[in-house]
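Enquirer: Here you go, one structure.
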Amino acid sequence: MLSWVVFDMSMSRDEFQHTVLPLRDKLFRFSFRFLMNREDASDVVQDVMMKFWEQGAKMAEINNVEAWCMTMVRNKSLDQLKRKGRQNSIIEEEFQHPGHHQHPEKQLEQKEALEKVKAQIALLPMNQRTVLELRELQGKSYQEIAEVLDMDISLVKVSLHRARKKLRETWIKENEYGL
Amino acid sequence: MNMDYKDDELKRLVTRFWDGESTLEEEKALKDLVAYGNLPEAYDDLAAYFESMGALSDELTLDSSFDDALLEKIDQSEQTNVRSLVKPRFIWAAAAAVVMAFCFVLFKAPNETPNMAASNQETYSKEELQAAFEQTQAALLLISSKMNNATTHADQLNKFHEATVRVKSRK
């Protein structure tokens with residue numbers, strides 16, 4: 001019996017490398033906002049990308065690859081949280097406590113300031129963290145955020161408002177800025 | 001880009017930002033004001049906020065070892081999966097040839113003597129010929145439907161190619 005490749009509609013390795021793989025950092029940061037753990041977030045991203053690859057021809061029906069991946073990352077991250085018995089993930093990533101930094105150099109001041117912001121973001125509720133990530137770091141619209149997080153737009157705006165307000169208040173307090 | 005904002009207009013923009021009501025365009029306008037140093041000192045908190053967000057995007061990244069590990073997994077899965085589709089189209093072509101040969105044998109009027117012609121006419125009744133014709137027609141329809149699947153797959157291949165082009169063009 002003769003056999004030959006007739007209709008293999010799967011994405012090629014090259015196409016995957018140029019289309020899907022470049023999304024890894026965005027997906028990683030997004031997962032990290034849920035899990036607050038680099039290794040777990042990396043595993044989630046790898047699982048999602050493998051799933052995309054294994055779906056093969058079915059992926060041809062997807063119009064927006066990034067949106068599909070973001071939704072999958074969200075779902076897998078939430079599953080991971082449930083498995084580990086955490087709904088509001090606690091901080092696992094070890095942020096250097098600002099008090100440990102005693103370096104007077106200006107460049108280290110900036111690093112210290114960044115560490116403070118990271119620590120503050122880690123303390124935010126999960127909804128606020130993820131909305132912040134999608135709006136501030138990925139530049140997504142309210143509608144896009146609502147779709148990815150399966151959230152009402154009004155809740156997106158409220159979460160964003162609260163997150164920004166919290167970070168602002170912390171900065172003002174630490175800088176004793178005239179209020 | 002208009003960098004000239006009146007005080008009250010700027011205040012309104014900044015308030016909308018902190019309230020989580022600003023549009024992406026308004027936020028970009030504010031970021032540009034910060035980038036060009038056109039934001040009054042009263043809004044230093046906003047400038048610090050944008051600076052922090054910018055720095056954060058560089059903090060959380062995956063290094064090249066992630067890519068290597070993932071591509072290795074993909075290569076391994078390719079070796080174990082059978083990715084070729086086996087389509088013995090020739091079988092359907094052979095079936096079509098058999099049916100056509102059957103039709104030829106059935107309906108052909110060979111070089112025959114009048115006696116043979118008379119005896120052949122006596123062999124198959126009109127109803128039998130009609131039944132044979134209908135069965136042949138059904139067989140040919142089945143074959144054509146299988147071959148139509150090939151056309152459908154080709155269409156899907158085209159759609160996939162178009163989707164790939166769309167995704168790439170968005171990038």
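Residues in the structure tokens are numbered from 1 in each chain, the chains being A, B, ... in the order shown, and ligands are numbered from 1 in the order shown.
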Identify all residues of region 23-175 of chain A in alpha helix (DSSP H) (DSSP on the backbone) and supply them as a PyMOL selection string.

Expert: chain A and resi 24-35+38-55+65-83+106-123+126-132+142-149+153-175

Enquirer: Find the residues around Leu10 (chain B) up to 10 Å (only C-alpha atoms counted), leave out those fewer than 4 positions away in its own chain, and share them as a PyMOL selection string.

Expert: chain B and resi 4-6+14-16+30+39-40+43

Enquirer: Please provide the set of residues having any atom within 9 Å of Cys103 (chain B), restricted to only C-alpha atoms, with same-chain residues fewer than 3 positions apart removed, written as a PyMOL selection string.

Expert: chain B and resi 98-100+106-108+132-133+136

Enquirer: Once you have the residues from the selection above, write them out as an mmCIF file, in the first residue's frame, restricted to N, CA, C and O atoms.

Expert:
data_model
loop_
_atom_site.group_PDB
_atom_site.id
_atom_site.type_symbol
_atom_site.label_atom_id
_atom_site.label_comp_id
_atom_site.auth_asym_id
_atom_site.auth_seq_id
_atom_site.Cartn_x
_atom_site.Cartn_y
_atom_site.Cartn_z
ATOM 1 N N VAL B 98 -12.872 -0.387 -11.131
ATOM 2 C CA VAL B 98 -13.620 -1.666 -11.088
ATOM 3 C C VAL B 98 -15.071 -1.437 -11.456
ATOM 4 O O VAL B 98 -15.661 -2.194 -12.253
ATOM 5 N N VAL B 99 -15.658 -0.379 -10.899
ATOM 6 C CA VAL B 99 -17.070 -0.097 -11.182
ATOM 7 C C VAL B 99 -17.253 0.225 -12.657
ATOM 8 O O VAL B 99 -18.203 -0.232 -13.298
ATOM 9 N N MET B 100 -16.310 1.008 -13.156
ATOM 10 C CA MET B 100 -16.415 1.364 -14.573
ATOM 11 C C MET B 100 -16.246 0.135 -15.448
ATOM 12 O O MET B 100 -16.952 -0.013 -16.465
ATOM 13 N N LEU B 106 -21.128 -4.831 -18.417
ATOM 14 C CA LEU B 106 -22.580 -4.989 -18.327
ATOM 15 C C LEU B 106 -23.291 -4.409 -19.538
ATOM 16 O O LEU B 106 -24.210 -5.009 -20.098
ATOM 17 N N PHE B 107 -22.856 -3.231 -19.950
ATOM 18 C CA PHE B 107 -23.607 -2.521 -20.976
ATOM 19 C C PHE B 107 -22.995 -2.630 -22.368
ATOM 20 O O PHE B 107 -23.610 -2.219 -23.338
ATOM 21 N N LYS B 108 -21.790 -3.159 -22.446
ATOM 22 C CA LYS B 108 -21.125 -3.249 -23.743
ATOM 23 C C LYS B 108 -21.849 -4.241 -24.620
ATOM 24 O O LYS B 108 -22.271 -5.303 -24.218
ATOM 25 N N ALA B 132 -29.015 -2.780 -11.920
ATOM 26 C CA ALA B 132 -27.547 -2.704 -12.061
ATOM 27 C C ALA B 132 -27.120 -1.265 -12.268
ATOM 28 O O ALA B 132 -26.113 -0.804 -11.698
ATOM 29 N N PHE B 133 -27.894 -0.547 -13.062
ATOM 30 C CA PHE B 133 -27.577 0.866 -13.305
ATOM 31 C C PHE B 133 -27.629 1.654 -11.990
ATOM 32 O O PHE B 133 -26.743 2.463 -11.679
ATOM 33 N N THR B 136 -24.708 0.886 -9.753
ATOM 34 C CA THR B 136 -23.504 1.522 -10.282
ATOM 35 C C THR B 136 -23.497 3.003 -9.954
ATOM 36 O O THR B 136 -22.473 3.586 -9.542
#

Enquirer: Show which residues sit within 9 Å of Leu62 (chain B), as a PyMOL selection string. Count only C-alpha atoms, and ignore same-chain residues fewer than 6 positions away.

Expert: chain A and resi 24-25+28+42

Enquirer: Excluding Ser154 (chain A) and its own-chain neighbours fewer than 5 positions away, which residues fall within 9 Å of it when counting only C-alpha atoms? Please give them as a list in words.

Expert: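 Selected residues are Tyr142, Ala146 and Ser159 of chain A.
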
Enquirer: Any idea what's packed within 12 Å of Leu149 (chain A), counting only C-alpha atoms, ignoring anything in its chain fewer than 6 positions away? Could you give it as a PyMOL selection string?

Expert: chain A and resi 30-31+34+67-68+70-75+77-78+126-135+140+142-143+155-156+159

Enquirer: If you count only C-alpha atoms, which residues fall within 9 Å of region 48-51 of chain A, apart from same-chain ones fewer than 5 positions away, as a list in words?

Expert: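 Contacts, in chain order: Val20, Leu21, Arg24, Asp43, Gly56, Cys69, Met72, Val73 and Lys76 of chain A; Leu70, Lys73 and Ile74 of chain B.
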
Enquirer: Which value, in Å to one decimal, gives the distance between CA of Val158 (chain A) and CA of Lys28 (chain B)?

Expert: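 We find that CA of Val158 (chain A) and CA of Lys28 (chain B) lie 20.0 Å from each other.
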